[in-house]
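Dumped structure_21.txt below, it's compact mmCIF, C-alpha atoms:
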```
# COMPACT_ATOMS: atom_id res chain seq x y z
CA MET K 1 100.53 79.61 118.40
CA SER K 2 99.64 78.95 114.72
CA LYS K 3 102.20 79.29 111.95
CA GLU K 4 100.32 82.33 110.62
CA GLN K 5 100.28 84.02 114.05
CA LYS K 6 104.00 83.24 114.47
CA THR K 7 104.75 84.83 111.08
CA LYS K 8 102.77 87.92 112.00
CA SER K 9 104.50 88.31 115.33
CA GLU K 10 107.89 87.90 113.63
CA LEU K 11 106.93 90.70 111.21
CA LEU K 12 106.04 93.01 114.09
CA LEU K 13 109.23 92.07 115.96
CA ALA K 14 111.25 92.87 112.84
CA LEU K 15 109.49 96.22 112.53
CA GLU K 16 110.22 97.03 116.16
CA GLN K 17 113.90 96.22 115.57
CA LEU K 18 114.00 98.47 112.49
CA GLU K 19 112.41 101.25 114.47
CA ARG K 20 114.85 100.80 117.34
CA GLU K 21 118.11 100.34 115.40
CA LYS K 22 117.57 102.24 112.18
CA ASN K 23 115.01 104.79 113.34
CA ILE K 24 112.57 103.65 110.65
CA LYS K 25 109.02 104.26 111.85
CA ARG K 26 106.60 101.33 111.79
CA GLU K 27 104.05 103.45 109.96
CA ASP K 28 106.57 104.09 107.18
CA VAL K 29 107.17 100.35 106.77
CA PHE K 30 103.41 99.67 106.72
CA LYS K 31 103.02 102.27 103.99
CA THR K 32 105.88 100.75 101.96
CA ILE K 33 104.30 97.28 102.18
CA THR K 34 100.76 98.44 101.37
CA ASP K 35 101.98 100.52 98.43
CA SER K 36 103.77 97.44 97.10
CA LEU K 37 100.62 95.32 97.61
CA VAL K 38 98.45 97.87 95.78
CA SER K 39 100.96 97.89 92.91
CA ALA K 40 100.91 94.08 92.68
CA LEU K 41 97.10 93.94 92.75
CA ARG K 42 96.75 96.65 90.11
CA LYS K 43 98.87 94.63 87.70
CA TYR K 44 96.27 91.83 88.05
CA PHE K 45 93.00 93.79 88.16
CA GLY K 46 93.94 96.54 85.68
CA LYS K 47 95.42 100.01 85.81
CA THR K 48 92.05 101.73 86.19
CA ALA K 49 90.89 99.59 89.12
CA GLN K 50 90.49 101.36 92.46
CA ILE K 51 92.43 99.34 95.02
CA MET K 52 93.07 99.76 98.74
CA ALA K 53 95.32 97.74 101.04
CA GLY K 54 96.09 97.80 104.73
CA ILE K 55 97.91 96.07 107.58
CA ASP K 56 96.52 95.37 111.01
CA PRO K 57 98.99 97.13 113.37
CA GLU K 58 98.18 94.64 116.15
CA THR K 59 98.63 91.40 114.22
CA GLY K 60 100.48 92.41 111.07
CA GLU K 61 97.76 90.80 108.93
CA MET K 62 97.52 92.21 105.39
CA ALA K 63 94.27 92.78 103.49
CA GLY K 64 93.41 94.06 100.02
CA PHE K 65 90.19 95.50 98.59
CA LEU K 66 88.69 96.48 95.25
CA VAL K 67 86.74 99.70 95.61
CA LYS K 68 83.63 99.99 93.40
CA LYS K 69 80.84 102.53 93.32
CA VAL K 70 77.17 101.36 93.48
CA ALA K 71 75.57 102.27 90.13
CA ASP K 72 72.45 101.55 88.11
CA PRO K 73 73.02 100.64 85.41
CA VAL K 74 76.61 99.40 85.65
CA VAL K 75 78.59 100.90 82.77
CA THR K 76 82.17 100.08 83.80
CA SER K 77 82.43 96.78 85.64
CA GLU K 78 85.98 97.49 86.82
CA LEU K 79 84.81 100.56 88.71
CA GLU K 80 81.07 100.00 89.34
CA ILE K 81 78.84 97.41 91.01
CA SER K 82 75.08 96.89 91.01
CA ALA K 83 73.07 97.54 94.18
CA GLU K 84 72.06 93.87 94.37
CA GLU K 85 75.70 92.67 94.12
CA ALA K 86 76.87 95.29 96.61
CA GLN K 87 74.65 93.87 99.36
CA LYS K 88 76.84 90.75 99.50
CA TYR K 89 79.79 92.82 100.68
CA GLN K 90 78.16 95.78 102.37
CA PRO K 91 74.52 95.37 103.47
CA GLY K 92 72.56 98.58 103.16
CA ALA K 93 74.78 100.03 100.43
CA LYS K 94 72.97 102.66 98.34
CA LEU K 95 73.52 104.17 94.92
CA GLY K 96 76.69 106.26 94.90
CA ASP K 97 78.27 104.48 97.89
CA ASP K 98 81.77 103.01 97.68
CA VAL K 99 81.88 99.31 98.39
CA HIS K 100 85.09 97.59 99.54
CA ILE K 101 85.32 94.12 98.08
CA PRO K 102 87.90 91.84 99.77
CA VAL K 103 90.30 90.13 97.36
CA PRO K 104 92.53 87.11 98.05
CA ILE K 105 96.06 88.41 98.53
CA GLN K 106 98.04 85.26 99.33
CA ASP K 107 99.76 85.19 95.93
CA PHE K 108 100.13 88.97 95.77
CA SER K 109 101.45 89.36 99.32
CA ARG K 110 104.57 87.42 98.45
CA ILE K 111 105.25 89.74 95.50
CA ALA K 112 104.45 92.74 97.64
CA ALA K 113 106.71 91.54 100.44
CA GLN K 114 109.61 91.06 98.01
CA THR K 115 109.09 94.51 96.51
CA ALA K 116 108.76 96.04 99.97
CA LYS K 117 111.95 94.28 101.04
CA GLN K 118 113.90 95.87 98.18
CA VAL K 119 112.47 99.29 99.00
CA LEU K 120 113.29 98.86 102.68
CA ILE K 121 116.84 97.72 101.94
CA GLN K 122 117.34 100.83 99.83
CA LYS K 123 115.82 103.00 102.54
CA ILE K 124 118.03 101.41 105.20
CA ARG K 125 121.07 102.07 103.03
CA GLU K 126 120.08 105.69 102.64
CA ILE K 127 119.55 106.01 106.39
CA GLU K 128 122.95 104.40 107.00
CA LYS K 129 124.57 106.88 104.61
CA VAL K 130 122.96 109.82 106.38
CA ARG K 131 123.99 108.44 109.77
CA ILE K 132 127.60 107.88 108.68
CA TYR K 133 127.74 111.30 106.99
CA ASP K 134 126.41 113.01 110.13
CA GLU K 135 128.95 111.12 112.24
CA TYR K 136 132.05 111.58 110.06
CA LYS K 137 131.50 115.00 108.45
CA PRO K 138 132.29 116.85 111.74
CA ARG K 139 135.40 114.67 112.08
CA GLU K 140 137.12 116.06 108.99
CA GLY K 141 140.69 116.80 110.03
CA GLU K 142 140.78 114.02 112.62
CA VAL K 143 143.44 111.29 112.50
CA VAL K 144 141.94 107.78 112.42
CA THR K 145 143.30 104.24 112.27
CA GLY K 146 141.82 101.42 110.21
CA LEU K 147 142.65 98.18 108.45
CA VAL K 148 143.07 97.73 104.71
CA HIS K 149 139.88 95.99 103.55
CA HIS K 150 140.76 95.65 99.89
CA VAL K 151 142.81 97.24 97.12
CA ALA K 152 141.14 98.40 93.89
CA GLY K 153 143.64 99.48 91.26
CA ARG K 154 145.79 102.08 93.02
CA ASP K 155 143.14 103.03 95.57
CA ILE K 156 143.04 101.55 99.06
CA PHE K 157 139.76 100.87 100.88
CA VAL K 158 140.06 101.06 104.65
CA ASP K 159 137.73 99.58 107.26
CA LEU K 160 137.19 102.14 110.04
CA GLY K 161 134.90 99.85 112.00
CA LYS K 162 131.63 101.72 111.54
CA ALA K 163 132.30 102.71 107.94
CA GLU K 164 134.54 102.10 104.96
CA ALA K 165 136.81 104.86 103.70
CA ILE K 166 138.98 105.32 100.63
CA LEU K 167 142.64 106.27 100.56
CA PRO K 168 143.03 107.40 96.93
CA PHE K 169 146.36 107.07 95.15
CA SER K 170 146.68 110.87 95.06
CA GLU K 171 146.58 110.98 98.88
CA GLN K 172 149.05 108.14 99.45
CA ILE K 173 152.76 108.37 100.19
CA ARG K 174 154.29 107.09 96.97
CA ARG K 175 156.96 104.96 98.63
CA GLU K 176 154.41 102.99 100.66
CA HIS K 177 152.68 99.76 99.64
CA TYR K 178 149.66 98.23 101.36
CA SER K 179 148.25 94.74 101.86
CA VAL K 180 144.93 93.46 103.19
CA ASN K 181 144.52 93.75 107.00
CA GLN K 182 147.49 96.12 107.23
CA ARG K 183 147.05 98.93 109.77
CA VAL K 184 146.66 102.38 108.21
CA ARG K 185 146.80 105.72 110.01
CA ALA K 186 145.48 108.72 108.09
CA ILE K 187 143.52 111.93 108.40
CA ILE K 188 139.89 112.28 107.37
CA HIS K 189 140.52 114.58 104.42
CA ARG K 190 136.89 115.14 103.45
CA VAL K 191 133.46 113.48 103.59
CA ASP K 192 131.42 113.79 100.38
CA LYS K 193 127.86 112.98 99.38
CA GLU K 194 128.15 112.03 95.74
CA ASN K 195 125.79 110.59 93.14
CA LYS K 196 127.49 107.24 93.67
CA GLY K 197 126.93 107.51 97.39
CA LEU K 198 128.76 108.51 100.53
CA GLN K 199 132.55 108.68 100.37
CA ILE K 200 134.97 109.17 103.27
CA VAL K 201 138.29 110.25 101.76
CA LEU K 202 141.46 109.70 103.79
CA SER K 203 144.88 111.30 103.26
CA ARG K 204 148.45 110.55 104.27
CA ALA K 205 149.96 112.99 101.79
CA SER K 206 148.36 116.24 102.94
CA GLY K 207 149.98 118.94 105.03
CA ALA K 208 147.06 118.61 107.42
CA PHE K 209 148.09 115.02 108.26
CA LEU K 210 151.65 116.08 109.09
CA LYS K 211 150.31 118.96 111.17
CA ALA K 212 148.01 116.57 113.07
CA LEU K 213 150.96 114.26 113.81
CA PHE K 214 152.88 117.18 115.31
CA GLU K 215 149.86 118.11 117.43
CA ALA K 216 149.73 114.53 118.73
CA GLU K 217 153.47 114.31 119.51
CA VAL K 218 154.26 117.85 120.70
CA PRO K 219 152.20 118.92 123.76
CA GLU K 220 153.24 122.55 123.27
CA ILE K 221 151.39 122.62 119.95
CA ALA K 222 148.23 121.13 121.44
CA GLU K 223 148.48 123.72 124.23
CA LYS K 224 148.86 126.56 121.65
CA VAL K 225 152.26 127.56 123.05
CA ILE K 226 153.74 126.69 119.65
CA GLU K 227 151.87 127.32 116.43
CA ILE K 228 152.36 125.60 113.08
CA VAL K 229 152.08 128.46 110.61
CA ASP K 230 152.34 126.42 107.39
CA VAL K 231 153.30 123.01 106.03
CA VAL K 232 154.51 122.08 102.55
CA ARG K 233 155.35 118.52 101.53
CA ASP K 234 156.73 116.25 98.90
CA PRO K 235 155.10 113.24 100.59
CA GLY K 236 157.50 110.52 101.64
CA PHE K 237 160.59 112.55 100.69
CA ARG K 238 160.76 116.01 102.28
CA ALA K 239 158.59 118.47 104.17
CA LYS K 240 159.08 121.98 105.48
CA VAL K 241 157.19 123.03 108.59
CA LEU K 242 157.01 126.71 109.55
CA VAL K 243 156.70 127.06 113.34
CA ARG K 244 156.22 130.03 115.64
CA SER K 245 156.40 130.27 119.43
CA ASN K 246 153.87 132.29 121.38
CA SER K 247 156.18 132.29 124.40
CA PRO K 248 159.68 133.84 124.52
CA LYS K 249 160.74 131.01 126.83
CA VAL K 250 159.98 128.23 124.34
CA ASP K 251 162.11 127.49 121.27
CA PRO K 252 159.64 126.25 118.63
CA VAL K 253 162.19 124.22 116.68
CA GLY K 254 163.72 122.60 119.75
CA ALA K 255 160.33 121.67 121.18
CA CYS K 256 159.27 120.01 117.91
CA VAL K 257 162.53 118.11 117.56
CA GLY K 258 162.41 116.85 121.15
CA ILE K 259 165.24 115.56 123.34
CA ARG K 260 167.79 113.96 121.01
CA GLY K 261 165.23 114.09 118.22
CA SER K 262 162.74 111.83 120.03
CA ARG K 263 159.61 113.64 118.84
CA ILE K 264 160.61 114.26 115.24
CA ARG K 265 161.77 110.64 114.82
CA VAL K 266 158.31 109.29 115.72
CA ILE K 267 156.71 111.52 113.09
CA MET K 268 159.29 110.70 110.41
CA SER K 269 158.82 106.98 111.09
CA GLU K 270 155.07 107.31 110.51
CA LEU K 271 155.78 109.00 107.15
CA ALA K 272 158.16 106.45 105.61
CA ASN K 273 161.17 108.39 106.98
CA GLU K 274 160.19 111.62 105.24
CA LYS K 275 162.81 114.31 105.99
CA ILE K 276 161.34 117.25 107.88
CA ASP K 277 162.89 120.73 107.94
CA LEU K 278 161.64 122.83 110.85
CA ILE K 279 161.74 126.53 109.96
CA PRO K 280 161.30 129.23 112.65
CA TYR K 281 158.83 131.91 111.53
CA ILE K 282 160.48 135.32 111.06
CA GLU K 283 158.73 138.55 110.05
CA ASP K 284 161.59 139.76 107.82
CA THR K 285 160.96 138.42 104.31
CA LEU K 286 164.57 138.05 103.18
CA THR K 287 165.61 136.24 106.35
CA MET K 288 162.54 134.03 106.05
CA ILE K 289 163.51 133.08 102.50
CA ALA K 290 167.04 132.23 103.67
CA LYS K 291 165.77 130.08 106.54
CA SER K 292 163.38 128.22 104.21
CA PHE K 293 166.36 126.67 102.38
CA SER K 294 167.33 124.59 105.42
CA PRO K 295 169.37 122.40 105.60
CA ALA K 296 171.39 124.39 103.02
CA THR K 297 173.37 127.45 104.16
CA VAL K 298 172.45 130.73 102.41
CA SER K 299 175.00 133.52 101.94
CA SER K 300 172.62 136.27 100.83
CA VAL K 301 169.16 137.02 99.47
CA ARG K 302 168.11 139.89 97.28
CA VAL K 303 164.82 140.99 95.80
CA LEU K 304 164.61 140.98 92.00
CA ASP K 305 160.99 142.13 91.72
CA LYS K 306 159.06 143.03 94.86
CA GLU K 307 155.68 143.26 93.13
CA ALA K 308 156.03 139.91 91.38
CA LYS K 309 157.65 138.40 94.50
CA ARG K 310 160.83 137.28 92.76
CA ALA K 311 164.05 136.82 94.70
CA GLN K 312 167.56 135.49 94.19
CA VAL K 313 169.36 133.34 96.74
CA ILE K 314 173.16 133.05 96.74
CA VAL K 315 174.77 130.03 98.40
CA PRO K 316 178.38 128.82 98.82
CA ASP K 317 179.55 126.70 95.90
CA ASP K 318 179.49 123.50 97.97
CA GLN K 319 175.87 124.17 99.06
CA LEU K 320 174.33 124.60 95.59
CA ALA K 321 173.22 120.99 95.10
CA MET K 322 171.70 120.85 98.58
CA ALA K 323 169.93 124.20 98.13
CA ILE K 324 168.32 123.05 94.88
CA GLY K 325 167.59 119.54 96.13
CA ARG K 326 166.77 116.34 94.28
CA GLU K 327 165.03 117.31 91.02
CA GLY K 328 164.62 120.84 92.41
CA GLN K 329 162.71 119.58 95.44
CA ASN K 330 164.24 121.91 98.06
CA ILE K 331 163.90 125.11 96.04
CA ARG K 332 160.34 124.12 95.05
CA LEU K 333 159.30 123.58 98.68
CA ALA K 334 161.00 126.82 99.77
CA SER K 335 159.08 128.73 97.08
CA ARG K 336 155.78 127.19 98.17
CA LEU K 337 156.49 127.94 101.83
CA THR K 338 157.40 131.60 101.29
CA GLY K 339 155.14 132.38 98.34
CA TRP K 340 158.10 133.79 96.40
CA GLU K 341 159.54 132.70 93.06
CA ILE K 342 163.17 131.98 93.92
CA GLU K 343 166.22 131.40 91.79
CA VAL K 344 169.38 129.95 93.35
CA LYS K 345 172.94 130.64 92.30
CA SER K 346 176.30 129.75 93.79
CA GLU K 347 178.79 132.45 94.76
CA GLY K 348 181.02 131.33 91.89
CA GLN K 349 178.14 131.66 89.39
CA ARG K 350 177.29 135.14 90.66
CA GLN K 351 180.89 136.29 90.43
CA GLU K 352 181.09 134.97 86.87
CA GLU K 353 177.85 136.77 85.94
CA GLN K 354 179.10 140.00 87.50
CA ARG K 355 182.38 139.69 85.60
CA LYS K 356 180.53 139.19 82.29
CA THR K 357 178.21 142.12 83.04
CA THR K 358 181.15 144.36 83.90
CA ASP K 359 183.08 143.31 80.79
CA GLN K 360 180.07 143.98 78.56
CA ALA K 361 179.43 147.35 80.21
CA MET K 362 183.07 148.33 79.78
CA HIS K 363 182.96 147.29 76.12
CA ASP K 364 179.85 149.39 75.48
CA LEU K 365 180.84 152.51 77.43
CA LEU K 366 184.27 152.75 75.76
CA LYS K 367 182.45 153.28 72.44
CA ILE K 368 181.45 156.77 73.59
CA GLU K 369 183.77 159.70 72.95
CA GLY K 370 185.18 161.08 76.18
CA VAL K 371 184.87 157.81 78.10
CA GLY K 372 188.17 156.24 79.08
CA ALA K 373 188.83 153.12 81.12
CA LYS K 374 188.93 154.93 84.49
CA VAL K 375 185.75 156.90 83.77
CA ALA K 376 184.03 153.69 82.59
CA GLU K 377 185.05 151.92 85.80
CA THR K 378 183.65 154.78 87.87
CA MET K 379 180.33 154.73 85.99
CA ILE K 380 180.04 150.94 86.31
CA THR K 381 180.62 151.24 90.06
CA MET K 382 177.73 153.73 90.18
CA GLY K 383 175.43 151.30 88.31
CA VAL K 384 175.72 152.80 84.80
CA LEU K 385 176.04 149.59 82.78
CA ASP K 386 174.92 150.56 79.29
CA ILE K 387 174.77 153.49 76.90
CA ARG K 388 171.00 153.95 77.19
CA THR K 389 171.32 154.40 80.96
CA LEU K 390 174.21 156.80 80.40
CA ALA K 391 172.12 158.93 78.01
CA GLY K 392 169.37 159.17 80.61
CA ILE K 393 171.39 160.79 83.41
CA THR K 394 171.82 164.54 83.82
CA GLU K 395 174.96 166.59 83.29
CA GLU K 396 175.05 167.43 87.00
CA GLU K 397 174.90 163.74 87.95
CA LEU K 398 177.71 162.93 85.54
CA CYS K 399 179.85 165.79 86.84
CA SER K 400 179.48 164.45 90.35
CA LEU K 401 181.52 161.39 89.35
CA GLU K 402 185.25 161.54 90.02
CA GLY K 403 187.36 162.57 87.06
CA ILE K 404 184.53 164.06 84.96
CA GLY K 405 184.40 167.80 84.39
CA GLU K 406 181.67 169.91 82.82
CA LYS K 407 183.06 169.80 79.26
CA THR K 408 183.81 166.10 79.47
CA ALA K 409 180.28 165.45 80.77
CA GLN K 410 178.76 167.41 77.85
CA LYS K 411 180.93 165.49 75.36
CA ILE K 412 180.01 162.12 76.90
CA LEU K 413 176.24 162.84 76.94
CA ALA K 414 176.31 164.14 73.35
CA GLY K 415 178.25 161.05 72.27
CA ALA K 416 175.78 158.73 74.03
CA LYS K 417 172.77 160.37 72.38
CA LYS K 418 174.43 160.31 68.97
CA PHE K 419 175.22 156.61 69.40
CA LEU K 420 171.57 155.81 70.22
CA GLU K 421 170.39 157.81 67.17
CA GLU K 422 172.69 155.77 64.95
CA ASN K 423 171.82 152.50 66.73
CA PRO K 424 168.06 152.70 67.59
CA ASN K 425 167.84 148.94 68.37
CA TYR K 426 170.60 149.06 70.96
CA GLY K 427 169.65 147.65 74.34
CA GLN K 428 166.30 146.21 73.33
CA GLU K 429 167.16 143.05 75.20
CA PRO K 430 167.15 143.95 78.91
CA ALA K 431 170.56 144.36 80.48
CA PRO K 432 171.38 141.88 83.28
CA GLU K 433 169.72 142.88 86.52
CA VAL K 434 172.04 144.25 89.14
CA ALA K 435 170.63 145.11 92.52
CA PRO K 436 173.11 147.06 94.61
CA GLU K 437 170.84 146.48 97.61
CA THR K 438 171.77 142.98 98.84
CA GLU K 439 171.03 141.73 102.32
CA GLU K 440 173.50 139.28 103.77
CA VAL K 441 171.78 136.60 105.84
CA LYS K 442 173.81 134.90 108.53
CA ASN K 443 173.14 131.21 109.02
CA ASP K 444 172.40 130.00 112.55
CA SER K 445 174.71 127.28 113.77
CA GLU K 446 171.93 125.50 115.59
CA GLU K 447 170.31 122.52 113.91
CA GLU K 448 166.84 123.51 112.72
CA GLY K 449 165.45 120.22 111.53
CA LYS K 450 166.36 116.79 110.50
```
Mind converting the file's structure to structure tokens?
Amino acid sequence: MSKEQKTKSELLLALEQLEREKNIKREDVFKTITDSLVSALRKYFGKTAQIMAGIDPETGEMAGFLVKKVADPVVTSELEISAEEAQKYQPGAKLGDDVHIPVPIQDFSRIAAQTAKQVLIQKIREIEKVRIYDEYKPREGEVVTGLVHHVAGRDIFVDLGKAEAILPFSEQIRREHYSVNQRVRAIIHRVDKENKGLQIVLSRASGAFLKALFEAEVPEIAEKVIEIVDVVRDPGFRAKVLVRSNSPKVDPVGACVGIRGSRIRVIMSELANEKIDLIPYIEDTLTMIAKSFSPATVSSVRVLDKEAKRAQVIVPDDQLAMAIGREGQNIRLASRLTGWEIEVKSEGQRQEEQRKTTDQAMHDLLKIEGVGAKVAETMITMGVLDIRTLAGITEEELCSLEGIGEKTAQKILAGAKKFLEENPNYGQEPAPEVAPETEEVKNDSEEEGK
């Protein structure tokens, strides 16, 4: 076999391999090469020259031609050829026929091959991107394991075997540090096609990753007996997982914790010992808010504004720090889990606030003629804490209070209205909120999460 024949057969073998492995059709490669050859020839013969090129599909041999039209007289030599000259290349050619004139392509074929190689490399890359996208896009939400390939700034690039993924700093657990060839377990957060190219984004900080770990460790979750309703996290520090059982025979918290904490320990170990509070899902909103403060014990919960979803949680004095958490972490996670804006106070703080409110109300009400200490105490007990509220009630309502007769009621109401006329700016700052309706929430003795 000659060197030329060997080269040709190697070209065809390479094309067959491309077609087999990358699904690039031989015809597409031929077109890429011939287009590159035409481009190289045109640079030599001129932009207006008519050029054709082709490849023998059996041998891989390349050929190039100048195409000229038979004319008499010849006006443009780049595009036309005389009848006499045309006979050398195409016997019997007549006026108006196109004549294909072979041109030496040895020098141009090397340029064409190099250009075609660059085009093919780009095409292969694009095909690889499409293939990887099609393979990994449906796997969003799947937990994968890879090795750290390299670190760029704060971002980690992970080798998944068939593709490279990125674990951005925003999706890392802050307490963790990575080195090359270190094993990394993460969830496929999303797969994007960007201008820069394909990007597989991993996450270890998302709630979805924690949820996937529970699904892997707790068979009852995979079997849909237990359902994870919601997950909120401060990655690496604390997480709250809301769980619900679809079977009255299965305790969702106990199943997730496992015998002697065996299941929860595996998950915490994977997450740099992140503390995990398991919260049983409860329909009642106030009880749900109380449970969300685990591991802190809650004495009571009351609604401050139902429409704005604002609530107040009262805890024993020795539980206040735990209820708030490090830098407000526990209260922040509880708010995210329940969707309510929550303020936390200790029992001592609430008693002090109530004392101040009562003292201020007493001070104000005693300014009104007809109101003595006992009457003021009675009104405060009934929720009348300022003069503006007093002026707004009816005589009948006031008479219904113990120790207040009809004449006294009339005197009190007249005095309240007179006071407001003389002091129009009174009470412009809202009085402290007092909600007589307070629901006490008992704390379960059972451990609900580690």
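Note that atom CA of K:Arg326 and atom CA of K:Pro295 are 13.1 Å apart.
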**OP:** Quote the spacing between atom CA of K:Ser400 and atom CA of K:Ala361 in Å to one decimal place.
**Re:** 19.9 Å
**OP:** For atom CA of K:Glu84 and atom CA of K:Gly54, determine how far apart the two atoms are, in Å to one decimal place.
**Re:** 26.5 Å
Subject >> Neighbours of point (100.0, 93.4, 106.9) within 9 Å, using all atoms listed in the file, written as a PyMOL selection string >> reply: chain K and resi 8+11+30+33-34+53-57+59-63+109
**OP:** Considering only C-alpha atoms, return as a ChimeraX atom specification whatever protein or nucleic-acid residues lie within 10 Å of stretch 100-107 of chain K, sequence-local ones (same chain, fewer than 6 positions apart) excluded.
**Re:** /K:37,40-41,50-53,62-69,86,88-90
Subject >> Shell of 10 Å around K:Ala376, only C-alpha atoms, local chain residues under 4 positions omitted, as a ChimeraX atom specification >> reply: /K:358,361-366,368,370-372,380-382,384-385
Starting from the sparse input, extend stretch 338-360 of chain K to N, CA and C atoms and give the output as a CSV table (one decimal), in the frame of the given file.
```csv
chain,number,residue,atom,x,y,z
K,338,THR,N,157.3,130.1,101.2
K,338,THR,CA,157.4,131.6,101.3
K,338,THR,C,156.5,132.4,100.4
K,339,GLY,N,156.0,131.7,99.3
K,339,GLY,CA,155.1,132.4,98.3
K,339,GLY,C,155.9,133.2,97.4
K,340,TRP,N,157.2,133.0,97.3
K,340,TRP,CA,158.1,133.8,96.4
K,340,TRP,C,158.7,132.9,95.3
K,341,GLU,N,158.8,133.4,94.1
K,341,GLU,CA,159.5,132.7,93.1
K,341,GLU,C,161.0,132.9,93.3
K,342,ILE,N,161.8,131.8,93.5
K,342,ILE,CA,163.2,132.0,93.9
K,342,ILE,C,164.1,131.3,92.9
K,343,GLU,N,165.2,132.0,92.6
K,343,GLU,CA,166.2,131.4,91.8
K,343,GLU,C,167.5,131.3,92.7
K,344,VAL,N,168.2,130.2,92.5
K,344,VAL,CA,169.4,130.0,93.4
K,344,VAL,C,170.6,130.0,92.5
K,345,LYS,N,171.6,130.6,93.0
K,345,LYS,CA,172.9,130.6,92.3
K,345,LYS,C,174.0,130.5,93.3
K,346,SER,N,175.1,129.9,92.9
K,346,SER,CA,176.3,129.8,93.8
K,346,SER,C,177.1,131.0,93.7
K,347,GLU,N,178.0,131.2,94.7
K,347,GLU,CA,178.8,132.4,94.8
K,347,GLU,C,179.7,132.5,93.5
K,348,GLY,N,180.2,131.4,93.1
K,348,GLY,CA,181.0,131.3,91.9
K,348,GLY,C,180.2,131.8,90.7
K,349,GLN,N,179.0,131.3,90.5
K,349,GLN,CA,178.1,131.7,89.4
K,349,GLN,C,177.9,133.2,89.4
K,350,ARG,N,177.6,133.7,90.6
K,350,ARG,CA,177.3,135.1,90.7
K,350,ARG,C,178.5,136.0,90.3
K,351,GLN,N,179.7,135.6,90.8
K,351,GLN,CA,180.9,136.3,90.4
K,351,GLN,C,181.2,136.3,88.9
K,352,GLU,N,180.9,135.1,88.3
K,352,GLU,CA,181.1,135.0,86.9
K,352,GLU,C,180.1,135.9,86.1
K,353,GLU,N,178.9,135.9,86.6
K,353,GLU,CA,177.8,136.8,85.9
K,353,GLU,C,178.2,138.2,86.1
K,354,GLN,N,178.7,138.6,87.3
K,354,GLN,CA,179.1,140.0,87.5
K,354,GLN,C,180.3,140.4,86.6
K,355,ARG,N,181.2,139.4,86.4
K,355,ARG,CA,182.4,139.7,85.6
K,355,ARG,C,181.9,139.9,84.1
K,356,LYS,N,181.0,139.1,83.7
K,356,LYS,CA,180.5,139.2,82.3
K,356,LYS,C,179.8,140.5,82.1
K,357,THR,N,179.0,140.9,83.1
K,357,THR,CA,178.2,142.1,83.0
K,357,THR,C,179.2,143.3,83.0
K,358,THR,N,180.2,143.3,83.9
K,358,THR,CA,181.2,144.4,83.9
K,358,THR,C,181.9,144.5,82.6
K,359,ASP,N,182.3,143.3,82.1
K,359,ASP,CA,183.1,143.3,80.8
K,359,ASP,C,182.2,143.9,79.7
K,360,GLN,N,181.0,143.5,79.6
K,360,GLN,CA,180.1,144.0,78.6
K,360,GLN,C,179.8,145.5,78.7
```
